[in-house]
>>> print(open('model.cif').read())   # mmCIF, C-alpha atoms
data_model
loop_
_atom_site.label_atom_id
_atom_site.label_comp_id
_atom_site.auth_asym_id
_atom_site.auth_seq_id
_atom_site.Cartn_x
_atom_site.Cartn_y
_atom_site.Cartn_z
CA MET N 1 101.77 20.57 137.53
CA ASN N 2 98.61 21.08 139.56
CA ASN N 3 97.06 18.88 142.23
CA ILE N 4 93.61 17.64 141.30
CA LEU N 5 91.27 15.88 143.69
CA MET N 6 89.02 13.41 141.87
CA ILE N 7 86.10 12.49 144.11
CA VAL N 8 84.39 9.24 143.20
CA SER N 9 81.20 7.75 144.60
CA ALA N 10 81.66 4.68 146.79
CA ALA N 11 78.05 3.56 146.32
CA ASP N 12 77.34 0.27 144.60
CA SER N 13 73.54 0.56 144.48
CA LEU N 14 70.80 3.17 144.25
CA THR N 15 67.41 2.77 145.90
CA MET N 16 64.79 3.21 143.21
CA LYS N 17 61.31 4.72 143.32
CA ASP N 18 59.75 1.30 143.89
CA GLY N 19 62.17 0.49 146.73
CA SER N 20 64.30 -1.95 144.73
CA GLU N 21 68.09 -1.70 144.65
CA HIS N 22 69.68 -0.84 141.31
CA PRO N 23 73.35 -1.84 140.93
CA THR N 24 75.45 1.20 140.16
CA GLY N 25 78.78 2.92 140.85
CA PHE N 26 80.92 5.26 138.75
CA TRP N 27 80.59 5.40 134.95
CA ALA N 28 83.76 4.00 133.38
CA GLU N 29 84.05 6.37 130.42
CA GLU N 30 83.66 9.46 132.61
CA LEU N 31 86.36 8.56 135.10
CA VAL N 32 88.75 7.16 132.50
CA GLU N 33 88.49 9.95 129.95
CA ALA N 34 88.69 12.73 132.53
CA HIS N 35 91.63 11.07 134.28
CA ARG N 36 93.48 10.43 131.00
CA THR N 37 92.95 13.97 129.74
CA LEU N 38 94.13 15.60 132.97
CA LEU N 39 97.07 13.23 133.33
CA GLU N 40 98.20 13.94 129.76
CA ALA N 41 97.95 17.65 130.57
CA GLY N 42 100.58 17.07 133.24
CA HIS N 43 98.52 17.17 136.41
CA ARG N 44 98.72 15.04 139.56
CA ILE N 45 95.44 13.30 140.47
CA THR N 46 94.39 11.99 143.89
CA PHE N 47 91.30 9.82 144.33
CA ALA N 48 88.99 10.27 147.31
CA THR N 49 85.76 8.51 148.29
CA PRO N 50 83.44 8.47 151.30
CA GLY N 51 85.09 6.37 153.99
CA ALA N 52 88.10 5.60 151.77
CA LYS N 53 86.04 2.78 150.26
CA ALA N 54 87.26 1.40 146.93
CA PRO N 55 84.76 2.60 144.33
CA THR N 56 82.69 0.24 142.19
CA VAL N 57 82.49 0.60 138.44
CA ASP N 58 78.99 0.39 137.01
CA GLN N 59 79.24 -2.80 134.96
CA VAL N 60 76.72 -1.47 132.47
CA SER N 61 79.26 1.19 131.49
CA LEU N 62 81.68 -1.54 130.42
CA ALA N 63 79.17 -3.28 128.16
CA PRO N 64 80.15 -2.87 124.48
CA GLU N 65 76.75 -1.43 123.55
CA GLN N 66 77.19 1.31 126.17
CA ALA N 67 80.92 1.89 125.77
CA GLY N 68 80.82 2.31 122.00
CA GLY N 69 81.94 -1.13 120.93
CA GLU N 70 84.02 -4.00 122.25
CA GLU N 71 87.34 -2.34 121.41
CA LYS N 72 86.51 0.77 123.43
CA ALA N 73 85.09 -1.31 126.27
CA GLU N 74 88.33 -3.25 126.42
CA ARG N 75 90.35 -0.01 126.50
CA LEU N 76 88.25 1.20 129.41
CA ARG N 77 88.73 -2.07 131.28
CA ALA N 78 92.49 -1.97 130.65
CA TYR N 79 92.79 1.63 131.86
CA LEU N 80 90.83 0.87 135.03
CA GLU N 81 93.07 -2.12 135.66
CA GLU N 82 96.10 0.18 135.46
CA LEU N 83 94.41 2.48 137.97
CA ARG N 84 93.44 -0.34 140.31
CA PRO N 85 96.23 0.30 142.88
CA GLU N 86 95.04 3.91 143.21
CA LEU N 87 91.32 3.17 143.06
CA ASP N 88 91.66 0.43 145.68
CA THR N 89 93.34 2.81 148.13
CA PRO N 90 91.57 6.17 147.85
CA MET N 91 91.79 8.94 150.40
CA SER N 92 88.80 9.38 152.69
CA LEU N 93 86.72 12.51 152.14
CA ALA N 94 86.99 13.09 155.89
CA ASP N 95 90.77 13.50 155.53
CA VAL N 96 90.70 15.92 152.60
CA VAL N 97 92.15 19.39 153.15
CA PRO N 98 90.56 21.26 150.23
CA LEU N 99 93.17 24.00 149.92
CA GLU N 100 95.88 21.42 149.23
CA TYR N 101 94.33 21.04 145.75
CA ASP N 102 93.82 23.27 142.75
CA ALA N 103 90.68 21.60 141.41
CA VAL N 104 87.94 19.18 142.45
CA VAL N 105 86.68 16.90 139.68
CA ILE N 106 83.63 14.65 140.16
CA PRO N 107 82.69 12.07 137.53
CA GLY N 108 79.24 10.55 137.52
CA GLY N 109 77.38 7.35 137.16
CA HIS N 110 74.33 7.08 139.39
CA GLY N 111 76.55 6.55 142.44
CA PRO N 112 76.72 10.24 143.47
CA MET N 113 72.94 10.24 143.89
CA ALA N 114 73.30 7.53 146.53
CA ASP N 115 76.10 8.99 148.64
CA LEU N 116 77.81 12.22 147.56
CA ALA N 117 74.55 14.19 147.38
CA THR N 118 74.13 13.96 151.15
CA ASP N 119 77.70 13.46 152.38
CA TRP N 120 78.71 16.01 155.01
CA ASP N 121 82.38 15.95 154.08
CA MET N 122 81.52 16.32 150.42
CA GLY N 123 79.67 19.50 151.31
CA ARG N 124 82.52 20.74 153.50
CA ILE N 125 85.01 20.23 150.67
CA LEU N 126 82.83 21.96 148.09
CA ILE N 127 82.04 24.95 150.27
CA ALA N 128 85.71 25.48 151.13
CA ALA N 129 86.80 24.99 147.52
CA ASN N 130 84.15 27.38 146.25
CA ASP N 131 85.01 30.03 148.84
CA ALA N 132 88.67 29.78 147.77
CA GLY N 133 87.83 30.00 144.07
CA LEU N 134 89.20 26.55 143.28
CA VAL N 135 88.02 24.90 140.08
CA ILE N 136 85.03 22.64 140.75
CA ALA N 137 84.11 20.31 137.90
CA PRO N 138 81.33 17.72 138.28
CA PHE N 139 79.74 16.17 135.20
CA CYS N 140 76.90 13.89 134.15
CA HIS N 141 75.43 12.75 137.51
CA GLY N 142 78.44 14.21 139.35
CA PRO N 143 76.62 17.52 139.97
CA ALA N 144 74.42 15.60 142.42
CA ALA N 145 77.36 16.12 144.78
CA LEU N 146 76.72 19.86 144.71
CA LEU N 147 73.50 19.26 146.66
CA SER N 148 75.61 18.50 149.73
CA ALA N 149 77.01 22.05 149.79
CA GLU N 150 74.38 23.63 152.00
CA THR N 151 74.40 25.01 155.52
CA PRO N 152 71.53 26.34 157.68
CA ASP N 153 73.17 29.76 157.84
CA ALA N 154 74.43 30.29 154.29
CA GLY N 155 72.00 28.10 152.34
CA PHE N 156 72.92 26.35 149.09
CA ALA N 157 76.43 27.34 148.02
CA PHE N 158 75.60 27.15 144.29
CA SER N 159 72.31 29.01 144.29
CA GLY N 160 72.17 31.35 141.30
CA ARG N 161 75.04 29.59 139.54
CA ARG N 162 74.77 28.39 135.94
CA LEU N 163 75.42 24.69 135.45
CA THR N 164 74.42 21.62 133.51
CA VAL N 165 73.76 18.02 134.46
CA PHE N 166 72.29 14.80 133.03
CA THR N 167 68.89 15.87 131.76
CA ASN N 168 65.52 14.44 132.72
CA SER N 169 64.99 13.30 129.14
CA GLU N 170 68.36 11.52 129.11
CA GLU N 171 67.46 9.85 132.38
CA LEU N 172 64.09 8.73 131.11
CA GLY N 173 65.35 7.68 127.70
CA GLY N 174 68.69 6.09 128.50
CA GLY N 175 69.16 6.15 132.26
CA THR N 176 67.06 4.50 134.94
CA GLY N 177 63.77 5.50 133.29
CA GLU N 178 60.44 5.88 135.03
CA ASN N 179 61.75 4.13 138.15
CA THR N 180 64.29 6.92 138.78
CA PRO N 181 63.93 7.93 142.45
CA TRP N 182 64.61 11.62 141.77
CA PHE N 183 66.01 13.77 138.99
CA VAL N 184 69.27 15.57 139.67
CA ALA N 185 68.41 18.44 137.33
CA ASP N 186 65.15 19.09 139.18
CA ALA N 187 66.81 18.88 142.59
CA LEU N 188 69.49 21.39 141.64
CA ARG N 189 66.92 23.72 140.11
CA ASP N 190 64.80 23.50 143.26
CA LYS N 191 67.84 24.55 145.31
CA GLY N 192 68.26 27.68 143.19
CA ALA N 193 70.80 26.65 140.55
CA ILE N 194 70.28 27.82 136.97
CA VAL N 195 70.23 24.55 135.05
CA GLU N 196 71.02 24.69 131.34
CA ALA N 197 70.86 21.87 128.80
CA GLY N 198 72.19 21.07 125.37
CA PRO N 199 70.99 18.33 123.01
CA ASP N 200 70.67 14.91 124.59
CA TRP N 201 73.75 12.67 124.27
CA GLU N 202 75.97 15.43 122.87
CA SER N 203 78.82 17.13 124.69
CA PHE N 204 77.65 20.25 126.49
CA VAL N 205 79.73 22.17 129.03
CA VAL N 206 78.75 25.20 131.11
CA THR N 207 81.39 27.36 132.79
CA ASP N 208 80.35 29.86 135.45
CA GLY N 209 83.44 31.30 137.11
CA ASN N 210 85.23 28.48 138.92
CA LEU N 211 82.34 26.05 138.30
CA ILE N 212 82.69 23.82 135.22
CA THR N 213 79.93 21.29 134.59
CA GLY N 214 79.21 18.74 131.87
CA GLN N 215 75.87 17.27 130.89
CA ASN N 216 76.60 13.63 130.10
CA PRO N 217 79.32 11.01 129.44
CA GLN N 218 79.96 12.61 126.06
CA SER N 219 81.09 15.76 127.91
CA SER N 220 83.86 14.05 129.90
CA VAL N 221 86.83 15.03 127.74
CA ASP N 222 85.58 18.58 127.16
CA VAL N 223 85.11 19.14 130.89
CA ALA N 224 88.62 17.87 131.62
CA ARG N 225 90.07 20.06 128.86
CA GLN N 226 88.29 23.08 130.30
CA VAL N 227 89.66 22.25 133.75
CA ALA N 228 93.18 22.02 132.32
CA ALA N 229 92.74 25.31 130.46
CA SER N 230 91.46 27.04 133.61
CA LEU N 231 94.44 25.84 135.59
CA GLN N 232 96.81 27.13 132.94
CA GLY N 233 95.10 30.49 132.90
#
>>> encode(input="model.cif", output="structure tokens")
Amino acid sequence: MNNILMIVSAADSLTMKDGSEHPTGFWAEELVEAHRTLLEAGHRITFATPGAKAPTVDQVSLAPEQAGGEEKAERLRAYLEELRPELDTPMSLADVVPLEYDAVVIPGGHGPMADLATDWDMGRILIAANDAGLVIAPFCHGPAALLSAETPDAGFAFSGRRLTVFTNSEELGGGTGENTPWFVADALRDKGAIVEAGPDWESFVVTDGNLITGQNPQSSVDVARQVAASLQG
């Protein structure tokens, strides 16, 4: 059994290009499927958020048309209800000691763009985890959190690393569209990451050493399986 830190955005809105507030949070399928897969693989999972704030699920992700039907939406709601005691009492990022964990997993939703991308403790955790060679696995919009891992002396911790993230075309076609305040793929590329992409809305995972990234919600299970395989190896 390994200890996995699952870092979840605590944001409940994202400021859009036009200045409006877009309700958001974590994407249900991503958190649920990653958590379920890692739990079934026998690992212990601890939730952490900025300020130990209970995270908000993006209600759009629980709509049947987004979840893949009413039956799947209900399964997601039921799983989140089972997790409620843990999700309501997460650890604060400020209290995280990175080397107490074997992996850091970061599901998406647009929330990470609003808080994790600029959170000092998020950056501290990622830099320490990366320096120690711990598995780091953000997916969909979760890789926005990687942007926090930068210092004036060392620069961006993931410069030159291969990764994937929610694509611009996915954002424009099925995300927040033309009103998107910024594109995570572009921001990571501008920092020096090597951003790769598979077909839109199909599972696509990139592994570069200890860094495992997934492109979209469809990648959730495959990312978690790769994390479990890396921990076994």
>>> residues_around(input="model.cif", residues="N:Asp88", least_positions_apart="2", cutoff="8 Å", atoms="only C-alpha atoms", output="PyMOL selection string")
chain N and resi 53-55+84-86+90
>>> closest_residue(input="model.cif", among="N:Pro98, N:Gly177, N:Gly214, N:Pro64", to="N:Ala128", atoms="all atoms listed in the file")
N:Pro98
>>> closest_residue(input="model.cif", among="N:His141, N:Arg162, N:Arg77, N:Arg44", to="N:Phe26", atoms="all atoms listed in the file")
N:His141
>>> resolve_selection(input="model.cif", expression="the PyMOL selection byres ((chain N and resi 182) around 12)", output="number ranges by chain")
N: 14-18, 110, 113-114, 117, 141, 144, 167-168, 171-172, 175-181, 183-188, 190
>>> resolve_selection(input="model.cif", expression="the PyMOL selection byres ((chain N and resi 37) around 12)", output="PyMOL selection string")
chain N and resi 29-36+38-45+220-229
>>> closest_residue(input="model.cif", among="N:Val96, N:Pro143, N:Ala193, N:Gly25", to="N:Gly155", atoms="all atoms listed in the file")
N:Ala193
>>> residues_around(input="model.cif", residues="N:Pro107", least_positions_apart="6", cutoff="7 Å", atoms="only C-alpha atoms", output="PyMOL selection string")
chain N and resi 8+30-31+138-140+142
